[in-house]
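Q: Please find protein.tsv (TSV, C-alpha atoms) on the next line:
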```tsv
chain	number	residue	atom	x	y	z
M	31	MET	CA	-47.10	44.12	-57.38
M	32	LEU	CA	-46.82	46.17	-54.21
M	33	SER	CA	-47.98	49.79	-54.27
M	34	TRP	CA	-45.51	52.61	-53.74
M	35	PRO	CA	-46.67	53.56	-50.16
M	36	ILE	CA	-46.14	49.95	-49.06
M	37	LYS	CA	-42.71	49.85	-50.69
M	38	LYS	CA	-41.81	53.10	-48.93
M	39	CYS	CA	-42.84	51.59	-45.58
M	40	PHE	CA	-40.48	48.67	-46.13
M	41	VAL	CA	-37.65	50.97	-47.18
M	42	LEU	CA	-38.18	53.18	-44.14
M	43	ALA	CA	-38.32	50.18	-41.82
M	44	GLY	CA	-35.09	48.82	-43.28
M	45	VAL	CA	-33.29	52.11	-42.84
M	46	THR	CA	-34.56	52.41	-39.28
M	47	SER	CA	-33.37	48.86	-38.45
M	48	LEU	CA	-29.95	49.63	-39.91
M	49	LEU	CA	-29.64	52.72	-37.75
M	50	ILE	CA	-30.73	50.97	-34.58
M	51	ILE	CA	-28.24	48.16	-35.18
M	52	SER	CA	-25.42	50.60	-35.91
M	53	ILE	CA	-26.17	52.58	-32.75
M	54	ASN	CA	-26.64	49.71	-30.30
M	55	PHE	CA	-24.35	46.95	-31.57
M	56	THR	CA	-21.43	48.68	-33.28
M	57	PRO	CA	-18.12	48.03	-31.47
M	58	ALA	CA	-16.40	50.88	-29.74
M	59	PHE	CA	-13.62	51.07	-32.30
M	60	ALA	CA	-16.15	51.47	-35.20
M	61	THR	CA	-17.60	54.82	-34.06
M	62	GLU	CA	-16.52	56.68	-37.20
M	63	ASN	CA	-18.24	54.16	-39.50
M	64	ALA	CA	-21.42	54.47	-37.46
M	65	ASP	CA	-21.41	58.26	-37.86
M	66	ASN	CA	-21.01	57.89	-41.62
M	67	ALA	CA	-23.93	55.45	-41.71
M	68	ARG	CA	-26.14	57.90	-39.79
M	69	ASP	CA	-25.19	60.77	-42.08
M	70	GLN	CA	-26.06	58.66	-45.09
M	71	ALA	CA	-29.40	57.70	-43.53
M	72	GLU	CA	-30.16	61.37	-42.86
M	73	ARG	CA	-29.48	62.25	-46.50
M	74	ILE	CA	-31.79	59.48	-47.64
M	75	LEU	CA	-34.57	60.62	-45.32
M	76	GLN	CA	-34.16	64.24	-46.40
M	77	ASP	CA	-34.67	63.25	-50.02
M	78	LYS	CA	-37.76	64.52	-51.77
M	79	GLU	CA	-39.44	61.18	-51.36
M	80	TYR	CA	-39.21	61.37	-47.55
M	81	GLY	CA	-38.47	65.05	-46.67
M	82	GLU	CA	-40.70	68.03	-46.04
M	83	GLU	CA	-41.57	68.44	-49.73
M	84	SER	CA	-42.92	64.91	-49.93
M	85	ASP	CA	-46.68	64.65	-50.30
M	86	ARG	CA	-46.70	60.91	-49.81
M	87	PRO	CA	-47.58	59.08	-46.55
M	88	LEU	CA	-44.94	58.71	-43.81
M	89	GLY	CA	-43.40	62.14	-44.53
M	90	GLU	CA	-43.93	63.34	-40.99
M	91	GLU	CA	-42.60	60.08	-39.56
M	92	ALA	CA	-39.42	60.47	-41.60
M	93	GLN	CA	-38.97	64.04	-40.30
M	94	ARG	CA	-39.36	62.88	-36.71
M	95	LEU	CA	-36.82	60.14	-37.31
M	96	THR	CA	-34.38	62.69	-38.78
M	97	ARG	CA	-34.75	64.93	-35.74
M	98	TRP	CA	-34.24	61.95	-33.45
M	99	LEU	CA	-31.05	61.00	-35.24
M	100	GLY	CA	-29.77	64.54	-34.90
M	101	GLU	CA	-30.49	64.62	-31.20
M	102	ASN	CA	-28.81	61.28	-30.45
M	103	LYS	CA	-25.84	61.63	-32.75
M	104	GLY	CA	-23.69	63.24	-30.10
M	105	GLU	CA	-24.48	60.68	-27.44
M	106	ILE	CA	-21.92	58.20	-28.78
M	107	LYS	CA	-18.63	59.32	-27.39
M	108	LYS	CA	-15.34	58.67	-29.03
M	109	ARG	CA	-12.80	56.80	-26.86
M	110	SER	CA	-9.05	56.91	-26.82
M	111	ASP	CA	-6.88	53.98	-27.86
M	112	SER	CA	-5.87	53.28	-24.25
M	113	GLU	CA	-9.54	53.08	-23.19
M	114	ILE	CA	-10.34	50.73	-26.04
M	115	ARG	CA	-7.39	48.46	-25.17
M	116	GLU	CA	-8.36	48.50	-21.51
M	117	GLN	CA	-11.95	47.45	-22.20
M	118	SER	CA	-11.03	44.92	-24.87
M	119	GLN	CA	-8.60	43.01	-22.62
M	120	PRO	CA	-10.05	39.80	-21.16
M	121	GLU	CA	-11.01	39.85	-17.52
M	122	LYS	CA	-8.24	38.50	-15.31
M	123	LYS	CA	-9.32	35.48	-13.29
M	124	PRO	CA	-7.59	34.28	-10.12
M	125	PRO	CA	-5.32	31.27	-10.73
M	126	GLN	CA	-6.95	27.92	-10.10
M	127	VAL	CA	-5.19	25.33	-7.96
M	128	THR	CA	-5.14	21.95	-9.65
M	129	PRO	CA	-3.91	18.66	-8.14
M	130	PRO	CA	-0.49	17.40	-9.27
M	131	SER	CA	-0.62	15.31	-12.42
M	132	LEU	CA	1.72	13.81	-14.97
M	133	GLY	CA	1.82	15.21	-18.47
M	134	GLY	CA	0.01	13.17	-21.08
M	135	LEU	CA	-2.09	11.20	-18.57
M	136	SER	CA	-5.79	11.60	-17.93
M	137	GLY	CA	-7.16	12.25	-14.46
M	138	LEU	CA	-8.15	8.61	-13.91
M	139	ALA	CA	-4.78	7.32	-15.09
M	140	THR	CA	-3.00	9.73	-12.73
M	141	ILE	CA	-5.10	8.55	-9.77
M	142	LEU	CA	-4.37	4.90	-10.57
M	143	LEU	CA	-0.66	5.66	-10.84
M	144	TRP	CA	-0.61	7.32	-7.42
M	145	ILE	CA	-2.47	4.32	-5.95
M	146	PHE	CA	0.13	1.97	-7.48
M	147	ILE	CA	2.98	4.02	-6.01
M	148	ALA	CA	1.26	3.98	-2.58
M	149	VAL	CA	0.97	0.17	-2.71
M	150	ILE	CA	4.68	-0.16	-3.56
M	151	VAL	CA	5.68	2.14	-0.68
M	152	ALA	CA	3.39	0.23	1.72
M	153	GLY	CA	4.96	-3.06	0.60
M	154	ILE	CA	8.46	-1.76	1.25
M	155	GLY	CA	7.38	-0.52	4.67
M	156	PHE	CA	5.88	-3.92	5.50
M	157	MET	CA	9.09	-5.71	4.49
M	158	ILE	CA	11.11	-3.42	6.73
M	159	TYR	CA	8.66	-3.92	9.60
M	160	LYS	CA	8.68	-7.70	9.10
M	161	PHE	CA	12.40	-8.38	8.89
M	162	TRP	CA	14.09	-5.53	10.75
M	163	PRO	CA	12.95	-6.63	14.26
M	164	ALA	CA	14.10	-10.19	13.53
M	165	ARG	CA	17.51	-8.93	12.48
M	166	SER	CA	17.77	-6.70	15.55
M	167	LYS	CA	16.74	-9.59	17.76
M	168	LYS	CA	19.39	-11.82	16.19
M	169	ASP	CA	22.08	-9.18	16.67
M	170	SER	CA	21.13	-8.65	20.31
M	171	SER	CA	21.04	-12.41	20.84
M	172	ASP	CA	24.56	-12.74	19.46
M	173	GLU	CA	25.77	-9.99	21.81
M	174	GLU	CA	24.10	-11.62	24.84
M	175	ASP	CA	25.48	-15.11	24.07
M	176	GLU	CA	29.05	-14.03	23.56
M	177	LEU	CA	31.45	-15.86	25.85
M	178	PRO	CA	32.14	-13.72	28.95
M	179	GLU	CA	35.69	-12.51	29.33
M	180	ASP	CA	36.17	-14.33	32.64
M	181	ILE	CA	35.38	-17.71	31.03
M	182	ASP	CA	38.02	-19.41	28.97
M	183	TRP	CA	36.83	-21.37	25.94
M	184	SER	CA	38.63	-24.49	27.18
M	185	ASP	CA	37.01	-24.42	30.65
M	186	GLU	CA	34.41	-27.09	29.86
M	187	GLU	CA	32.58	-26.94	33.18
M	188	LYS	CA	31.94	-23.17	33.04
M	189	VAL	CA	31.20	-23.15	29.32
M	190	LEU	CA	28.52	-25.86	29.63
M	191	GLU	CA	27.08	-24.12	32.69
M	192	PHE	CA	26.71	-20.62	31.25
M	193	VAL	CA	26.51	-21.00	27.47
M	194	THR	CA	23.00	-21.79	26.18
M	195	ASP	CA	23.43	-20.74	22.55
M	196	ALA	CA	23.88	-23.62	20.09
M	197	GLN	CA	25.75	-21.53	17.51
M	198	LEU	CA	28.27	-20.32	20.08
M	199	LEU	CA	28.91	-23.88	21.26
M	200	GLU	CA	29.44	-25.02	17.68
M	201	ASN	CA	31.94	-22.19	17.20
M	202	LEU	CA	33.76	-23.28	20.37
M	203	SER	CA	33.74	-26.87	19.07
M	204	ASP	CA	35.43	-25.74	15.84
M	205	LYS	CA	38.00	-23.79	17.86
M	206	ALA	CA	38.73	-26.80	20.06
M	207	GLU	CA	39.15	-28.96	16.96
M	208	GLN	CA	41.62	-26.46	15.47
M	209	GLU	CA	43.56	-26.40	18.74
M	210	GLY	CA	43.75	-30.24	18.77
M	211	HIS	CA	41.28	-30.81	21.66
M	212	LEU	CA	39.12	-33.29	19.74
M	213	ASP	CA	37.39	-34.82	22.77
M	214	LEU	CA	36.37	-31.35	23.96
M	215	ALA	CA	35.18	-30.48	20.46
M	216	LEU	CA	33.00	-33.63	20.46
M	217	ARG	CA	31.36	-32.77	23.80
M	218	TYR	CA	30.70	-29.14	22.83
M	219	ARG	CA	29.05	-30.30	19.61
M	220	PHE	CA	26.94	-32.86	21.49
M	221	ARG	CA	25.54	-30.15	23.79
M	222	ALA	CA	24.99	-27.83	20.82
M	223	GLY	CA	22.96	-30.56	19.07
M	224	LEU	CA	20.70	-31.01	22.09
M	225	LEU	CA	20.12	-27.25	22.30
M	226	ARG	CA	19.14	-27.14	18.62
M	227	LEU	CA	16.56	-29.89	19.18
M	228	ASN	CA	15.29	-27.83	22.12
M	229	ASP	CA	14.97	-24.78	19.88
M	230	LEU	CA	12.89	-26.88	17.46
M	231	GLN	CA	10.73	-28.00	20.42
M	232	ILE	CA	11.60	-31.63	19.69
M	233	ILE	CA	12.84	-32.02	23.26
M	234	SER	CA	12.81	-29.93	26.43
M	235	PHE	CA	16.45	-29.75	27.39
M	236	HIS	CA	17.66	-30.02	30.95
M	237	PRO	CA	21.23	-30.87	31.96
M	238	SER	CA	20.06	-33.42	34.53
M	239	ILE	CA	18.59	-35.74	31.87
M	240	THR	CA	20.96	-38.59	30.99
M	241	ASN	CA	21.99	-39.70	27.51
M	242	ALA	CA	20.08	-42.98	27.92
M	243	GLN	CA	16.91	-41.00	28.62
M	244	TRP	CA	17.56	-38.82	25.54
M	245	GLN	CA	17.86	-41.97	23.42
M	246	LEU	CA	14.42	-43.12	24.56
M	247	ILE	CA	12.91	-39.68	23.94
M	248	ILE	CA	14.50	-39.00	20.55
M	249	ASP	CA	14.42	-42.62	19.30
M	250	SER	CA	16.71	-42.15	16.28
M	251	ASP	CA	19.50	-44.29	14.81
M	252	SER	CA	21.56	-41.21	14.04
M	253	PHE	CA	21.28	-40.00	17.62
M	254	ASN	CA	22.15	-43.48	18.93
M	255	THR	CA	25.37	-43.43	16.87
M	256	ILE	CA	26.26	-39.95	18.16
M	257	THR	CA	25.54	-40.98	21.76
M	258	LYS	CA	27.65	-44.17	21.48
M	259	ASP	CA	30.69	-42.19	20.28
M	260	PHE	CA	30.14	-39.61	23.05
M	261	ASN	CA	29.91	-42.30	25.80
M	262	ASP	CA	32.90	-44.26	24.50
M	263	ILE	CA	35.16	-41.19	24.44
M	264	THR	CA	33.86	-39.49	27.60
M	265	TYR	CA	33.38	-42.51	29.88
M	266	GLY	CA	35.19	-45.36	28.12
M	267	GLU	CA	38.49	-43.55	27.79
M	268	ARG	CA	38.53	-44.07	24.06
M	269	THR	CA	40.70	-41.72	22.04
M	270	CYS	CA	38.81	-39.25	19.86
M	271	ASP	CA	40.03	-38.80	16.31
M	272	ALA	CA	39.01	-36.78	13.27
M	273	SER	CA	36.58	-39.49	12.12
M	274	HIS	CA	34.51	-39.10	15.30
M	275	ILE	CA	34.31	-35.33	14.79
M	276	SER	CA	33.34	-35.70	11.15
M	277	ARG	CA	30.70	-38.34	11.96
M	278	ALA	CA	29.25	-36.19	14.78
M	279	ARG	CA	29.03	-33.13	12.52
M	280	SER	CA	27.26	-34.97	9.67
M	281	SER	CA	24.97	-36.99	11.98
M	282	TRP	CA	23.80	-33.93	13.90
M	283	SER	CA	23.17	-32.03	10.64
M	284	SER	CA	21.12	-34.92	9.20
M	285	LEU	CA	19.12	-35.39	12.44
M	286	ILE	CA	18.28	-31.70	12.88
M	287	THR	CA	17.33	-31.27	9.20
M	288	LYS	CA	15.07	-34.36	9.34
M	289	ASP	CA	13.34	-33.25	12.55
M	290	LYS	CA	12.93	-29.69	11.27
M	291	THR	CA	11.31	-30.94	8.04
M	292	ARG	CA	9.00	-33.25	9.97
M	293	LYS	CA	7.97	-30.44	12.33
M	294	ASP	CA	7.19	-28.06	9.42
```
In C-alpha cells, write the structure found in this file.
A:
Amino acid sequence: MLSWPIKKCFVLAGVTSLLIISINFTPAFATENADNARDQAERILQDKEYGEESDRPLGEEAQRLTRWLGENKGEIKKRSDSEIREQSQPEKKPPQVTPPSLGGLSGLATILLWIFIAVIVAGIGFMIYKFWPARSKKDSSDEEDELPEDIDWSDEEKVLEFVTDAQLLENLSDKAEQEGHLDLALRYRFRAGLLRLNDLQIISFHPSITNAQWQLIIDSDSFNTITKDFNDITYGERTCDASHISRARSSWSSLITKDKTRKD
C-alpha cells in the first residue's frame, strides 16, 4: 500500500488540478460556483493535515498555494447579464450569395435542368429563325405579284405579259371560269402550269418557245393531252367546255406532282 506522504501528494495534486480547471475553463455564467469551489479548496488546505500546524511534508507548498488562491480570487470579475448575452451570441457572418436553385434538387440536377431549358429555348429560336423568313418572303411575294390596278383580269395580253406568278394566274383562271370565260380560263391555267414547271427547274420558261417545242422538252403524255386541248381551242376555233377545264386542272396537277417527286 502507498505511504501517507505519497497519498497526500496525490490529494494535493488533485485539488490543484481542480482549482486550475475551475479558474481557466469555467464559463462566465458559472463564476459563483467557481468561488465556492475555491473556498472549499482553501478550507481543505487549511486543515491540520495541510496547514501551518502540519508536521508532514508539503505543508509549506500547501501554504503557498493557499496564498496564491487568495491573491487571484479577485481577478475573476463578475459580468452583468447583458454582457453575458452579448458574448454568448454567435458571431454574425455576412450573407452568402448562392446561385438560384430549385427546392429538393441537388446541385448537379439543377445544372442539368437549366441546360435542358436552354436547349428548349434554343430549339424554339431556331424554328423561328428557320420559318419566319420563309413566311415573310411568301407574304412579300404575294404583295409583289398582285394584279396591278391598271390591268383588268380579262385583258389576256397584259396579264400574260406582266404576271409571272403561277398562283395568281391560277386564281385568275378560276375567276374566268366563274365568269363563264372558259377559253380564257384554259389559257391562264396553261401558262400557270408552265411557270410551275419553271419553278421546279424542269424547264426554263420563255414566252417565245412554242408549244411543239415544249412537247419535245417535257415529253409527257399528260402534257401532250393538255397541249392538244389548248391548240384546238386557241387555234382550231373549238368551243371550250367544262370538261376541258376539268381535264386541264387534273392533268396539270398530276404532271407537276410527278415531276416534283422525280426531282426530289
Q: Looking at all atoms listed in the file, which of M:Asp69, M:Glu186, M:Asp262, M:Asp289 is the one that sits closest to Leu227 of chain M?
A: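 Counting all atoms listed in the file, the residue closest to Leu227 of chain M is M:Asp289.
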Q: With distances taken over only C-alpha atoms, which residue among M:Glu267, M:Asp229, M:Glu176, M:Asp251 lies nearest Ser281 of chain M?
A: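 With only C-alpha atoms as the atom set, the closest residue is M:Asp251.
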Q: Between atom CA of Lys160 of chain M and atom CA of Ala148 of chain M, what distance in Å does the model show, to one decimal?
A: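 So the two atoms, atom CA of Lys160 of chain M and atom CA of Ala148 of chain M, lie 18.1 Å apart.
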Q: Leaving out Lys290 of chain M and any residue of its chain fewer than 2 positions from it, which residues lie within 10 Å of it when counting only C-alpha atoms, given as a ChimeraX atom specification?
A: /M:226-227,230-232,284-288,292-294
Q: Considering only C-alpha atoms, state which residue in the set M:Ser203, M:Asn254, M:Asn241, M:Thr194 is at the smallest distance from Asn228 of chain M.
A: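 The shortest atom-to-atom distance to Asn228 of chain M comes from M:Thr194.
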Q: To one decimal place in Å, what is the distance between atom CA of Ser238 of chain M and atom CA of His211 of chain M?
A: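 We find that atom CA of Ser238 of chain M and atom CA of His211 of chain M lie 25.0 Å from each other.
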Q: What would the list of residues within 10 Å of (32.3, -25.5, 20.3) (file frame) look like as a PDB file with C-alpha atoms, keeping the file's coordinate frame, if all atoms listed in the file are what count?
A:
```pdb
ATOM      1  CA  TRP M 183      36.830 -21.370  25.940  1.00  0.00           C
ATOM      2  CA  SER M 184      38.630 -24.490  27.180  1.00  0.00           C
ATOM      3  CA  GLU M 186      34.410 -27.090  29.860  1.00  0.00           C
ATOM      4  CA  VAL M 189      31.200 -23.150  29.320  1.00  0.00           C
ATOM      5  CA  ALA M 196      23.880 -23.620  20.090  1.00  0.00           C
ATOM      6  CA  GLN M 197      25.750 -21.530  17.510  1.00  0.00           C
ATOM      7  CA  LEU M 198      28.270 -20.320  20.080  1.00  0.00           C
ATOM      8  CA  LEU M 199      28.910 -23.880  21.260  1.00  0.00           C
ATOM      9  CA  GLU M 200      29.440 -25.020  17.680  1.00  0.00           C
ATOM     10  CA  ASN M 201      31.940 -22.190  17.200  1.00  0.00           C
ATOM     11  CA  LEU M 202      33.760 -23.280  20.370  1.00  0.00           C
ATOM     12  CA  SER M 203      33.740 -26.870  19.070  1.00  0.00           C
ATOM     13  CA  ASP M 204      35.430 -25.740  15.840  1.00  0.00           C
ATOM     14  CA  LYS M 205      38.000 -23.790  17.860  1.00  0.00           C
ATOM     15  CA  ALA M 206      38.730 -26.800  20.060  1.00  0.00           C
ATOM     16  CA  GLU M 207      39.150 -28.960  16.960  1.00  0.00           C
ATOM     17  CA  LEU M 214      36.370 -31.350  23.960  1.00  0.00           C
ATOM     18  CA  ALA M 215      35.180 -30.480  20.460  1.00  0.00           C
ATOM     19  CA  LEU M 216      33.000 -33.630  20.460  1.00  0.00           C
ATOM     20  CA  ARG M 217      31.360 -32.770  23.800  1.00  0.00           C
ATOM     21  CA  TYR M 218      30.700 -29.140  22.830  1.00  0.00           C
ATOM     22  CA  ARG M 219      29.050 -30.300  19.610  1.00  0.00           C
ATOM     23  CA  PHE M 220      26.940 -32.860  21.490  1.00  0.00           C
ATOM     24  CA  ARG M 221      25.540 -30.150  23.790  1.00  0.00           C
ATOM     25  CA  ALA M 222      24.990 -27.830  20.820  1.00  0.00           C
TER      26      ALA M 222
END
```
Q: Report, in Å to a single decimal, how far apart atom CA of His274 of chain M and atom CA of Asp213 of chain M are.
A: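 A separation of 9.1 Å between them.
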